[in-house]
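Working notes for the structure below.
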Amino acid sequence: MASNGLSNQLVPVSESTQMTRSRSMFIDDDLVDGFVDNLVDAFEALWQEVEEVSAFKRGVPVRAQITSAERDPLHHPVDPVLYTIALQHGPYQWTVRRRYKHFITLDTELRVLWLRTKFSRGQNVPLMHLPVRLARRGARKENLEKYLRKLLEVEVFRNHKAALKFFEVSRYSFFDDLGKVKGKEDFVRKQGGGYHIELQVCGCNCAGFCTSCCCPCINQAVGWTRRWMIIKDSFVMLVRQQTGRISGVMLMDKEFTAMLLAPAAGIPHGIQIHNLSRDLLVQSWSDRQAREWFMAIEQMRRGPGAIWTTQQRHDSFAPVRADSKARWFVDAEDYYSVVADAINSARYEIFIAGWWLSPELYLKRNIANMDKWRLDNLLKKKAESGVHISVLIYKDIPQALYVQSLHTYTVLMNAHRNITVLRHPDHRRQGIYYWGHHEKVVCIDQCVSFVGGLDLCYGRWDNQRHALTDLPRRRVVMGTDECDGAGASTVDHEPFDDVGGDTMSPLEKQRSDVQRPAAAEAGTDSTKTTPTSKRKRMAKALVRARRLGWLARSASSADIEVPFTSSSAPALARGMSADVLTVATSDALDPAAVSCDLCPPGHACCHFYLFPGQDYSNALIKDPENVHLPFFDIADRKTEPRLPWHDVHACVVGSAAKDLARHFIQRWNYSKYNKRQRVLDRRKVKFLLPRDLPMPNLDPWIGAEQLHECEVQILRSASDWSCGVPQETSILHAYCAAIQNAEHFIYIENQFFISSQLDGSPPVYNPIVETLADRIIQAHELGTTFHVYIILPLLPGFPGELDGGGGVAKKAILHYIYSTVCRGESSLFGRVRASGFEPMHYVSFCGLRTHDKLMGKLVTEIIYIHSKLMIVDDRLAIIGSANINDRSMTGERDTELAAVVRDTQMIPARMNGQPYEAGRFVHSLRMSLFKEHLGCCDEECFDPNSDAFFKNVWLGHAAANTKAYEQVFYCVPNDYCTRLVHLQQNRERPVLKDTDPRAAEELLRSSVRGTVVLFPHLFLADEDLRPPLGSKENLISLTVFT
């Protein structure tokens, strides 16, 4: 379970040796503890014997050669010769500089070791003889070189602490995972503090109210401490001498530099190491050593670290990666399935960061054994196998949000010691109340990463069908749940339209969770074999399983995975008892293949649910609540349709994946530093390091044919409060640059569209809409064909009726969106019309809507757009978590991540009727989205730049769908309701679903294609949608809405 670098250095340690483990630097197992299965920490006892712990790779020779001997009798009259020793150990090469006094110290320590091994252990170790100093100068050099070679041949000598210090070697030196370059290592004295962050209060979390606080300021320069400092190819690390734990990590970035301090600074032999996060002051023992540190840092900065220390495109922290591969995901079903396989394939590390994480989330729902793929179970399984899992989640304010990060923290931290969870920010400590960590990223072994708009939480799982309902196709009508006698249970199968649903309340199901073992036992009893008694036992097990939300599962069926491909089945099997569930052995099943004994053949089991518990929700009606009760239904399945969720995610493989992991590491280390030390000691939270781990086998869960070779650059919005770095807005820069350079078309999907309102209250600073308007005006002036497609949610995802007492936040968001789209001189339409032409010839705004039947009645609901996507010219795509608003784009507010993907593999396509080379990745993503939204074939949406497609297909389908939906349903929003009073009038008008349901079904079947509908520009145009005075939304800063 270790990579090449680790496997060469992990050696067994006996119990007796563990009891006498040394506190020295050079045998630190703390790094291994973080990588493998919680090995015993080093430095907690006396020195471990060198035969059992090796800093050098076993079986790999160490070569030494003295390349020069410099004399300096003026400054060193007693010991004038300085020897330069070149060393090589496998692929690692480095040099050290030593005087004869250092040889004497080393020889003395080794003689003590020789005496101890000879008399206490009876081992025959050859005695080394240091050459006398009075020998001829040339001979002395040759003799010292022979002395070093013989020393390095004896493992017990070369792994002694004195030898390791002499050769500047520690247990971190030869991990292949930490880079193939051996940097300088040695003891230094470092000064505490120096971080470029400001806390609103002192470190004791007293909120600044105590009058005599003794807590030191986080930036205050504290005393000097001794540390072992190591330079690697992309970072500098400090290790505590007493405990061996990593005490600090400085990542190389565009401002990473080192500077020798002048004597006037008051720090003799001092060096200042600077990056975006910190100014580290270290002190060496002599001017020569200070110069060596400076030169070593500069050499690493200009060499292997140059990729991090140079300016990057879009002013991003990450370089452009031309050697990456990428895959896109539309909606969560495929993404969740692949990320589940990726987690299951992890061998070393798993990083997860998100705004909301639900531990009880089912990642796979098309198999019989769903429990195996529940997120908390999957993470626990990997932790038990030795994988170290780090979870970094947004610390919510319970009074304002529903995500209950404390529940996530409690569940995962109690699952296994290899799972560590950090919540950030500490609101009082940092003074951050309005902003959050909105990024969504999963990193597997720092080789494969996922980024986009999908959190691993309730309400996100969906597919391109976007079902509105989740009820069983058949019901079982039973008597009492304790049916022991004959006739106590009867079965009555009725059509779907008359489904009565589950008679057991969700709360009763949640409370009966403790009865699961009894239900499982009752469902798998094999002592009674008569058909009648077996039928009774099945009924009893099914009724009890209703209380649990799923059926009991026996161990014999634990590893059965059965894809359920029938599109007619509304739900899929939960983990059932082997006696209850009959599973065919074929790979693909029809509904008859998965059923319980009480359901007739040919029908899906009555207990199958695709959206269990909290997953069935509608944020337009009610926010999630009690998320610590995962299988508690928060919506009435028989009266409320769920809110479909549309999103886009991406997987990147290779160097770009390492960049996402590096961002996570930077955030993790910063969050660890911000936490109170007494809390961290209890959790044993460790610093993370960038690693170069071997690439896993991707074929079983991604597939080589689905990976596209691309140029990928990772972007982010970050600042001092979130990452400990100055404000970074590389996502905003990438959006503006892509719009400016667009030649044919732009396609945008986003949850928000709030931009360029400098005259607003509050002002909106991101210039995306201004840049978009300029590009449209340029196309008009040049007479070129240019189209912009923008898809937004028809309503913001906040609960409350617009014409009721609630819905204030929903109206506030609508105000800023409409001010950006079409209302006012600063809107997109206002800017374009000021140039003398109509914007509708170039740009379209649409939303998505679908319909279904619930309890025999037609229902409709919008499809909530949560994706954060922009496609340009079928060659470039930006996929991430950043909305088009100031919260996501300005960097100083929410933390965001995105990947800008440029295709390097081209395929033939058409653009405005002409042959065109489109990118394989971007073109296939755009085609998938257009076919889903338009319900059309490849040929119809092949050319997105033609006027015929823009007017006849895109706008034509949207207009026809909008007209049909408004005839059948009470659709909100619409262009007829310009005032709030019109909403009630709209509900009172006769619609076809009530007057003639059969005609309504026929109209929907004949007129609706796809899900795209027009975005209403006149909706509530005569109302002031800003929060009224006195409302709680008005009492807080309105910047939370922009």
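Just so we're on the same page: first chain in the structure tokens is A, next is B, and so on; residues restart at 1 for each chain, and ligands are numbered from 1 in the order they show up.
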Give me the residues near A:Thr995 as a PDB file with all heavy atoms, in the first residue's frame, where near means some atom within 12 Å (using only C-alpha atoms) and where sequence neighbours in that chain fewer than 4 positions away do not count.
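The resulting file, out28.pdb, is reproduced below:
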```
ATOM      1  N   LEU A 858     -51.388  15.401 -13.652  1.00  0.00           N
ATOM      2  CA  LEU A 858     -50.255  16.051 -14.286  1.00  0.00           C
ATOM      3  C   LEU A 858     -49.667  17.111 -13.348  1.00  0.00           C
ATOM      4  O   LEU A 858     -50.406  17.894 -12.744  1.00  0.00           O
ATOM      5  CB  LEU A 858     -50.677  16.704 -15.596  1.00  0.00           C
ATOM      6  CG  LEU A 858     -50.923  15.772 -16.777  1.00  0.00           C
ATOM      7  CD1 LEU A 858     -51.573  16.535 -17.935  1.00  0.00           C
ATOM      8  CD2 LEU A 858     -49.632  15.122 -17.242  1.00  0.00           C
ATOM      9  N   GLN A 967     -50.447  26.661 -21.317  1.00  0.00           N
ATOM     10  CA  GLN A 967     -51.818  26.248 -21.572  1.00  0.00           C
ATOM     11  C   GLN A 967     -52.264  25.145 -20.615  1.00  0.00           C
ATOM     12  O   GLN A 967     -53.437  25.087 -20.223  1.00  0.00           O
ATOM     13  CB  GLN A 967     -51.964  25.754 -23.018  1.00  0.00           C
ATOM     14  CG  GLN A 967     -51.939  26.856 -24.057  1.00  0.00           C
ATOM     15  CD  GLN A 967     -52.089  26.303 -25.464  1.00  0.00           C
ATOM     16  OE1 GLN A 967     -51.521  25.266 -25.807  1.00  0.00           O
ATOM     17  NE2 GLN A 967     -52.874  26.995 -26.282  1.00  0.00           N
ATOM     18  N   VAL A 968     -51.325  24.316 -20.201  1.00  0.00           N
ATOM     19  CA  VAL A 968     -51.675  23.154 -19.391  1.00  0.00           C
ATOM     20  C   VAL A 968     -51.577  23.464 -17.908  1.00  0.00           C
ATOM     21  O   VAL A 968     -52.394  22.977 -17.105  1.00  0.00           O
ATOM     22  CB  VAL A 968     -50.768  21.960 -19.757  1.00  0.00           C
ATOM     23  CG1 VAL A 968     -51.037  20.769 -18.840  1.00  0.00           C
ATOM     24  CG2 VAL A 968     -50.984  21.563 -21.217  1.00  0.00           C
ATOM     25  N   PHE A 969     -50.610  24.275 -17.477  1.00  0.00           N
ATOM     26  CA  PHE A 969     -50.324  24.468 -16.054  1.00  0.00           C
ATOM     27  C   PHE A 969     -50.384  25.950 -15.676  1.00  0.00           C
ATOM     28  O   PHE A 969     -50.396  26.834 -16.536  1.00  0.00           O
ATOM     29  CB  PHE A 969     -48.927  23.941 -15.710  1.00  0.00           C
ATOM     30  CG  PHE A 969     -48.718  22.484 -16.005  1.00  0.00           C
ATOM     31  CD1 PHE A 969     -47.992  22.087 -17.127  1.00  0.00           C
ATOM     32  CD2 PHE A 969     -49.230  21.510 -15.161  1.00  0.00           C
ATOM     33  CE1 PHE A 969     -47.776  20.748 -17.391  1.00  0.00           C
ATOM     34  CE2 PHE A 969     -49.027  20.171 -15.418  1.00  0.00           C
ATOM     35  CZ  PHE A 969     -48.299  19.784 -16.534  1.00  0.00           C
ATOM     36  N   ARG A 989     -57.128  31.182 -13.097  1.00  0.00           N
ATOM     37  CA  ARG A 989     -57.554  30.974 -14.479  1.00  0.00           C
ATOM     38  C   ARG A 989     -57.660  29.497 -14.786  1.00  0.00           C
ATOM     39  O   ARG A 989     -56.915  28.674 -14.234  1.00  0.00           O
ATOM     40  CB  ARG A 989     -56.589  31.671 -15.447  1.00  0.00           C
ATOM     41  CG  ARG A 989     -55.228  31.019 -15.546  1.00  0.00           C
ATOM     42  CD  ARG A 989     -54.307  31.755 -16.514  1.00  0.00           C
ATOM     43  NE  ARG A 989     -52.974  31.193 -16.536  1.00  0.00           N
ATOM     44  CZ  ARG A 989     -52.600  30.208 -17.364  1.00  0.00           C
ATOM     45  NH1 ARG A 989     -53.467  29.714 -18.234  1.00  0.00           N
ATOM     46  NH2 ARG A 989     -51.361  29.750 -17.320  1.00  0.00           N
ATOM     47  N   PRO A 990     -58.576  29.099 -15.677  1.00  0.00           N
ATOM     48  CA  PRO A 990     -58.711  27.681 -16.028  1.00  0.00           C
ATOM     49  C   PRO A 990     -57.533  27.224 -16.889  1.00  0.00           C
ATOM     50  O   PRO A 990     -57.100  27.932 -17.809  1.00  0.00           O
ATOM     51  CB  PRO A 990     -60.029  27.636 -16.804  1.00  0.00           C
ATOM     52  CG  PRO A 990     -60.189  29.019 -17.358  1.00  0.00           C
ATOM     53  CD  PRO A 990     -59.580  29.945 -16.337  1.00  0.00           C
ATOM     54  N   VAL A 991     -57.036  26.074 -16.581  1.00  0.00           N
ATOM     55  CA  VAL A 991     -55.934  25.493 -17.354  1.00  0.00           C
ATOM     56  C   VAL A 991     -56.341  24.098 -17.799  1.00  0.00           C
ATOM     57  O   VAL A 991     -57.210  23.444 -17.201  1.00  0.00           O
ATOM     58  CB  VAL A 991     -54.629  25.451 -16.543  1.00  0.00           C
ATOM     59  CG1 VAL A 991     -54.074  26.843 -16.325  1.00  0.00           C
ATOM     60  CG2 VAL A 991     -54.828  24.753 -15.218  1.00  0.00           C
ATOM     61  N   ALA A 999     -56.789  15.901 -22.989  1.00  0.00           N
ATOM     62  CA  ALA A 999     -56.280  16.832 -23.999  1.00  0.00           C
ATOM     63  C   ALA A 999     -54.952  17.442 -23.561  1.00  0.00           C
ATOM     64  O   ALA A 999     -54.076  17.722 -24.389  1.00  0.00           O
ATOM     65  CB  ALA A 999     -57.306  17.923 -24.268  1.00  0.00           C
ATOM     66  N   ALA A1000     -54.829  17.673 -22.255  1.00  0.00           N
ATOM     67  CA  ALA A1000     -53.575  18.213 -21.747  1.00  0.00           C
ATOM     68  C   ALA A1000     -52.426  17.248 -22.009  1.00  0.00           C
ATOM     69  O   ALA A1000     -51.337  17.664 -22.442  1.00  0.00           O
ATOM     70  CB  ALA A1000     -53.712  18.502 -20.259  1.00  0.00           C
ATOM     71  N   GLU A1001     -52.663  15.958 -21.737  1.00  0.00           N
ATOM     72  CA  GLU A1001     -51.610  14.976 -22.000  1.00  0.00           C
ATOM     73  C   GLU A1001     -51.257  14.933 -23.477  1.00  0.00           C
ATOM     74  O   GLU A1001     -50.086  14.841 -23.850  1.00  0.00           O
ATOM     75  CB  GLU A1001     -52.070  13.602 -21.521  1.00  0.00           C
ATOM     76  CG  GLU A1001     -52.108  13.439 -20.018  1.00  0.00           C
ATOM     77  CD  GLU A1001     -52.338  11.998 -19.610  1.00  0.00           C
ATOM     78  OE1 GLU A1001     -51.607  11.113 -20.100  1.00  0.00           O
ATOM     79  OE2 GLU A1001     -53.254  11.762 -18.810  1.00  0.00           O
TER      80      GLU A1001
END
```
Write down as a tab-separated table (two decimals) with C-alpha atoms, in the first residue's frame the residues of stretch 842-937 of chain A whose backbone DSSP state falls under strand (DSSP E).
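See out_17.tsv below for the written result:
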```
chain	number	residue	atom	x	y	z
A	843	VAL	CA	-28.58	36.59	-27.30
A	844	SER	CA	-31.26	34.34	-25.83
A	845	PHE	CA	-32.16	33.65	-22.20
A	846	CYS	CA	-33.88	30.37	-21.43
A	847	GLY	CA	-34.71	28.06	-18.55
A	848	LEU	CA	-35.67	24.42	-18.20
A	849	ARG	CA	-38.99	22.84	-17.24
A	850	THR	CA	-40.39	19.32	-17.20
A	851	HIS	CA	-43.63	17.51	-16.32
A	852	ASP	CA	-44.78	14.19	-14.93
A	853	LYS	CA	-47.77	12.45	-13.35
A	854	LEU	CA	-48.16	12.37	-9.58
A	857	LYS	CA	-52.47	14.02	-12.01
A	858	LEU	CA	-50.26	16.05	-14.29
A	859	VAL	CA	-47.65	18.15	-12.49
A	860	THR	CA	-44.87	20.42	-13.65
A	861	GLU	CA	-41.76	21.90	-12.07
A	862	ILE	CA	-38.78	23.88	-13.21
A	864	TYR	CA	-33.08	23.88	-11.26
A	865	ILE	CA	-29.93	25.00	-13.06
A	869	LEU	CA	-20.42	26.29	-17.24
A	870	MET	CA	-19.32	28.34	-20.20
A	871	ILE	CA	-18.55	26.91	-23.65
A	872	VAL	CA	-16.89	29.01	-26.34
A	876	LEU	CA	-12.99	25.90	-24.75
A	877	ALA	CA	-15.00	25.15	-21.64
A	878	ILE	CA	-14.89	26.53	-18.11
A	879	ILE	CA	-16.38	24.10	-15.60
A	880	GLY	CA	-16.39	24.78	-11.90
A	896	GLU	CA	-14.38	28.75	-5.72
A	897	LEU	CA	-12.59	26.37	-8.07
A	898	ALA	CA	-12.84	25.89	-11.82
A	899	ALA	CA	-11.01	24.22	-14.68
A	900	VAL	CA	-10.57	25.86	-18.05
A	901	VAL	CA	-10.31	23.11	-20.65
A	902	ARG	CA	-8.95	23.67	-24.16
A	903	ASP	CA	-9.13	20.82	-26.60
A	906	MET	CA	-10.04	18.12	-33.02
A	907	ILE	CA	-12.96	16.55	-34.87
A	908	PRO	CA	-14.79	17.76	-38.02
A	909	ALA	CA	-17.83	19.93	-37.38
A	910	ARG	CA	-19.72	22.87	-38.88
A	911	MET	CA	-19.92	26.51	-37.87
A	914	GLN	CA	-18.85	26.03	-43.03
A	915	PRO	CA	-16.45	23.18	-42.17
A	916	TYR	CA	-14.94	23.67	-38.75
A	917	GLU	CA	-12.48	21.92	-36.44
A	918	ALA	CA	-14.20	21.50	-33.08
A	919	GLY	CA	-12.64	20.20	-29.92
```
So that I can check the surroundings of A:Gln751, please list as a PyMOL selection string every protein, DNA and RNA residue that reaches within 8 Å of it, counting only C-alpha atoms and ignoring chain neighbours fewer than 3 positions away. chain A and resi 792-793+796+865-868+883-884
Assign secondary structure with DSSP using the backbone only, and return the residues of stretch 772-818 of chain A in alpha helix (DSSP H) as a list of chain:residue names. A:Leu772, A:Ala773, A:Asp774, A:Arg775, A:Ile776, A:Ile777, A:Gln778, A:Ala779, A:His780, A:Glu781, A:Leu782, A:Val808, A:Ala809, A:Lys810, A:Lys811, A:Ala812, A:Ile813, A:Leu814, A:His815, A:Tyr816, A:Ile817, A:Tyr818
Could the residues in this selection be saved with N, CA and C atoms as a tab-separated table (two decimals), in the first residue's frame?
```tsv
chain	number	residue	atom	x	y	z
A	772	LEU	N	-19.44	40.92	-22.14
A	772	LEU	CA	-20.33	40.23	-23.07
A	772	LEU	C	-21.04	41.22	-23.99
A	773	ALA	N	-21.49	42.33	-23.43
A	773	ALA	CA	-22.15	43.34	-24.26
A	773	ALA	C	-21.17	43.91	-25.30
A	774	ASP	N	-19.95	44.16	-24.89
A	774	ASP	CA	-18.95	44.68	-25.84
A	774	ASP	C	-18.71	43.70	-26.97
A	775	ARG	N	-18.69	42.40	-26.65
A	775	ARG	CA	-18.46	41.40	-27.71
A	775	ARG	C	-19.64	41.32	-28.66
A	776	ILE	N	-20.86	41.46	-28.17
A	776	ILE	CA	-22.04	41.47	-29.05
A	776	ILE	C	-22.04	42.71	-29.92
A	777	ILE	N	-21.72	43.84	-29.36
A	777	ILE	CA	-21.65	45.07	-30.14
A	777	ILE	C	-20.58	44.97	-31.21
A	778	GLN	N	-19.45	44.37	-30.89
A	778	GLN	CA	-18.39	44.18	-31.88
A	778	GLN	C	-18.86	43.30	-33.03
A	779	ALA	N	-19.59	42.22	-32.72
A	779	ALA	CA	-20.10	41.35	-33.79
A	779	ALA	C	-21.07	42.10	-34.68
A	780	HIS	N	-21.90	42.94	-34.08
A	780	HIS	CA	-22.85	43.72	-34.90
A	780	HIS	C	-22.12	44.71	-35.80
A	781	GLU	N	-21.13	45.35	-35.26
A	781	GLU	CA	-20.39	46.33	-36.07
A	781	GLU	C	-19.62	45.66	-37.20
A	782	LEU	N	-19.11	44.44	-36.96
A	782	LEU	CA	-18.36	43.73	-38.00
A	782	LEU	C	-19.27	42.97	-38.95
A	808	VAL	N	-38.80	36.61	0.38
A	808	VAL	CA	-38.07	37.88	0.28
A	808	VAL	C	-36.71	37.66	-0.38
A	809	ALA	N	-36.00	36.61	0.04
A	809	ALA	CA	-34.69	36.32	-0.57
A	809	ALA	C	-34.85	35.96	-2.04
A	810	LYS	N	-35.90	35.23	-2.36
A	810	LYS	CA	-36.14	34.86	-3.76
A	810	LYS	C	-36.37	36.11	-4.61
A	811	LYS	N	-37.15	37.06	-4.12
A	811	LYS	CA	-37.39	38.29	-4.87
A	811	LYS	C	-36.13	39.14	-4.96
A	812	ALA	N	-35.33	39.15	-3.92
A	812	ALA	CA	-34.09	39.93	-3.96
A	812	ALA	C	-33.16	39.42	-5.06
A	813	ILE	N	-33.03	38.10	-5.14
A	813	ILE	CA	-32.18	37.53	-6.20
A	813	ILE	C	-32.76	37.86	-7.57
A	814	LEU	N	-34.09	37.76	-7.73
A	814	LEU	CA	-34.71	38.11	-9.01
A	814	LEU	C	-34.44	39.56	-9.37
A	815	HIS	N	-34.44	40.45	-8.38
A	815	HIS	CA	-34.16	41.86	-8.66
A	815	HIS	C	-32.79	42.04	-9.28
A	816	TYR	N	-31.77	41.41	-8.71
A	816	TYR	CA	-30.41	41.59	-9.22
A	816	TYR	C	-30.21	40.86	-10.54
A	817	ILE	N	-30.89	39.74	-10.74
A	817	ILE	CA	-30.77	39.03	-12.03
A	817	ILE	C	-31.42	39.85	-13.14
A	818	TYR	N	-32.64	40.35	-12.90
A	818	TYR	CA	-33.31	41.13	-13.94
A	818	TYR	C	-32.60	42.45	-14.19
```
Go through stretch 758-804 of chain A residue by residue and, counting only C-alpha atoms, keep those with an atom at most 10 Å from stretch 888-894 of chain A; for each kept residue give the shortest atom pair and its distance in Å to one decimal, ordered by chain and increasing number, as CSV.
```
residue,atom,partner,partner_atom,distance
A:Val764,CA,A:Thr890,CA,9.8
A:Tyr765,CA,A:Thr890,CA,7.8
A:Asn766,CA,A:Met889,CA,6.6
A:Pro767,CA,A:Met889,CA,9.7
A:Ile768,CA,A:Met889,CA,9.5
```
Take the residues just selected and output them with N, CA, C and O atoms as a compact mmCIF listing (two decimals), in the first residue's frame.
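The file below, selection27.txt, is the result:
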```txt
# COMPACT_ATOMS: atom_id res chain seq x y z
N VAL A 764 -22.30 46.03 -8.10
CA VAL A 764 -21.81 44.72 -8.52
C VAL A 764 -20.62 44.97 -9.44
O VAL A 764 -20.76 45.61 -10.48
N TYR A 765 -19.47 44.43 -9.06
CA TYR A 765 -18.23 44.86 -9.69
C TYR A 765 -17.75 43.96 -10.81
O TYR A 765 -17.03 44.42 -11.70
N ASN A 766 -18.08 42.67 -10.80
CA ASN A 766 -17.51 41.81 -11.83
C ASN A 766 -18.00 42.25 -13.20
O ASN A 766 -19.20 42.49 -13.39
N PRO A 767 -17.10 42.37 -14.20
CA PRO A 767 -17.46 42.98 -15.49
C PRO A 767 -17.87 41.97 -16.56
O PRO A 767 -17.70 42.23 -17.75
N ILE A 768 -18.40 40.84 -16.19
CA ILE A 768 -18.70 39.81 -17.19
C ILE A 768 -19.75 40.29 -18.18
O ILE A 768 -19.60 40.13 -19.41
```
Shell of 7 Å around stretch 683-689 of chain A, only C-alpha atoms, local chain residues under 5 positions omitted, as an mmCIF file with N, CA, C and O atoms, in the first residue's frame:
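Once everything was written out, this is result23.cif:
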```
data_model
loop_
_atom_site.group_PDB
_atom_site.id
_atom_site.type_symbol
_atom_site.label_atom_id
_atom_site.label_comp_id
_atom_site.auth_asym_id
_atom_site.auth_seq_id
_atom_site.Cartn_x
_atom_site.Cartn_y
_atom_site.Cartn_z
ATOM 1 N N ILE A 246 5.601 17.488 11.637
ATOM 2 C CA ILE A 246 5.760 18.620 10.728
ATOM 3 C C ILE A 246 5.102 19.829 11.370
ATOM 4 O O ILE A 246 3.928 19.799 11.741
ATOM 5 N N THR A 420 -10.112 12.356 8.919
ATOM 6 C CA THR A 420 -9.969 13.621 9.635
ATOM 7 C C THR A 420 -10.817 14.672 8.942
ATOM 8 O O THR A 420 -10.780 14.803 7.719
ATOM 9 N N ILE A 665 -4.434 21.120 -0.307
ATOM 10 C CA ILE A 665 -3.380 21.065 0.718
ATOM 11 C C ILE A 665 -3.140 22.452 1.304
ATOM 12 O O ILE A 665 -2.983 22.613 2.518
ATOM 13 N N ASN A 669 -3.789 23.130 5.261
ATOM 14 C CA ASN A 669 -2.734 23.587 6.164
ATOM 15 C C ASN A 669 -3.068 24.949 6.769
ATOM 16 O O ASN A 669 -2.776 25.211 7.944
#
```
Env of A:Pro700: 10 Å cut, atoms = only C-alpha atoms, seq-sep filter 2 positions within chain, self excluded. Answer as a tab-separated table (two decimals) with C-alpha atoms, in the first residue's frame.
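New file out.tsv:
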```
chain	number	residue	atom	x	y	z
A	338	VAL	CA	-17.61	7.28	-11.06
A	341	ASP	CA	-15.51	3.81	-7.96
A	342	ALA	CA	-12.65	6.29	-7.64
A	345	SER	CA	-9.90	2.44	-5.87
A	697	ASN	CA	-5.70	2.02	-13.24
A	698	LEU	CA	-8.48	4.17	-14.65
A	702	ILE	CA	-13.49	5.92	-16.17
A	703	GLY	CA	-12.57	4.21	-19.40
A	704	ALA	CA	-9.86	5.35	-21.78
```
Can you tell me which residues surround A:Asp692 at a distance of at most 12 Å, considering only C-alpha atoms, apart from same-chain residues fewer than 3 positions away, and format the answer as an MDAnalysis selection string? chainID A and resid 2:6 175:180 233:234 348:349 444:448 654:655 657:659 661:662 689 695
For A:Ile397, please output as an MDAnalysis selection string all residues within 10 Å (counting only C-alpha atoms; exclusion window: fewer than 4 positions along the same chain). chainID A and resid 401:405 426:427 433:434
Given the selection you just returned, output its residues as a file containing N, CA, C and O atoms, formatted as a PDB file, in the first residue's frame.
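Listing of out18.pdb after writing:
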```
ATOM      1  N   LEU A 401     -28.195  28.507   8.076  1.00  0.00           N
ATOM      2  CA  LEU A 401     -28.153  27.480   7.049  1.00  0.00           C
ATOM      3  C   LEU A 401     -28.579  26.146   7.630  1.00  0.00           C
ATOM      4  O   LEU A 401     -28.616  25.943   8.844  1.00  0.00           O
ATOM      5  N   TYR A 402     -28.845  25.226   6.728  1.00  0.00           N
ATOM      6  CA  TYR A 402     -29.411  23.934   7.113  1.00  0.00           C
ATOM      7  C   TYR A 402     -28.442  22.777   6.936  1.00  0.00           C
ATOM      8  O   TYR A 402     -28.806  21.622   7.153  1.00  0.00           O
ATOM      9  N   VAL A 403     -27.204  23.033   6.525  1.00  0.00           N
ATOM     10  CA  VAL A 403     -26.335  21.931   6.096  1.00  0.00           C
ATOM     11  C   VAL A 403     -25.791  21.113   7.253  1.00  0.00           C
ATOM     12  O   VAL A 403     -25.331  19.994   7.067  1.00  0.00           O
ATOM     13  N   GLN A 404     -25.798  21.660   8.465  1.00  0.00           N
ATOM     14  CA  GLN A 404     -25.399  20.936   9.666  1.00  0.00           C
ATOM     15  C   GLN A 404     -24.036  20.246   9.496  1.00  0.00           C
ATOM     16  O   GLN A 404     -23.912  19.029   9.528  1.00  0.00           O
ATOM     17  N   SER A 405     -23.017  21.072   9.307  1.00  0.00           N
ATOM     18  CA  SER A 405     -21.673  20.532   9.145  1.00  0.00           C
ATOM     19  C   SER A 405     -21.201  19.800  10.394  1.00  0.00           C
ATOM     20  O   SER A 405     -20.340  18.918  10.318  1.00  0.00           O
ATOM     21  N   ASP A 426     -13.703  29.568  11.313  1.00  0.00           N
ATOM     22  CA  ASP A 426     -14.179  29.857  12.658  1.00  0.00           C
ATOM     23  C   ASP A 426     -14.692  31.299  12.647  1.00  0.00           C
ATOM     24  O   ASP A 426     -13.910  32.244  12.601  1.00  0.00           O
ATOM     25  N   HIS A 427     -15.999  31.441  12.686  1.00  0.00           N
ATOM     26  CA  HIS A 427     -16.614  32.724  12.350  1.00  0.00           C
ATOM     27  C   HIS A 427     -16.178  33.842  13.291  1.00  0.00           C
ATOM     28  O   HIS A 427     -15.773  34.925  12.847  1.00  0.00           O
ATOM     29  N   TYR A 433     -18.733  35.981   8.368  1.00  0.00           N
ATOM     30  CA  TYR A 433     -20.101  35.513   8.608  1.00  0.00           C
ATOM     31  C   TYR A 433     -20.899  35.358   7.316  1.00  0.00           C
ATOM     32  O   TYR A 433     -21.804  34.531   7.250  1.00  0.00           O
ATOM     33  N   TYR A 434     -20.590  36.157   6.300  1.00  0.00           N
ATOM     34  CA  TYR A 434     -21.388  36.171   5.082  1.00  0.00           C
ATOM     35  C   TYR A 434     -20.866  35.232   3.999  1.00  0.00           C
ATOM     36  O   TYR A 434     -21.621  34.824   3.121  1.00  0.00           O
TER      37      TYR A 434
END
```
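Interatomic distance, atom CA of A:Pro319 to atom CA of A:Ile307: 6.8 Å.
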Work out how far apart atom CA of A:Ala162 and atom CA of A:Arg63 are and give it in Å to one decimal. 17.7 Å
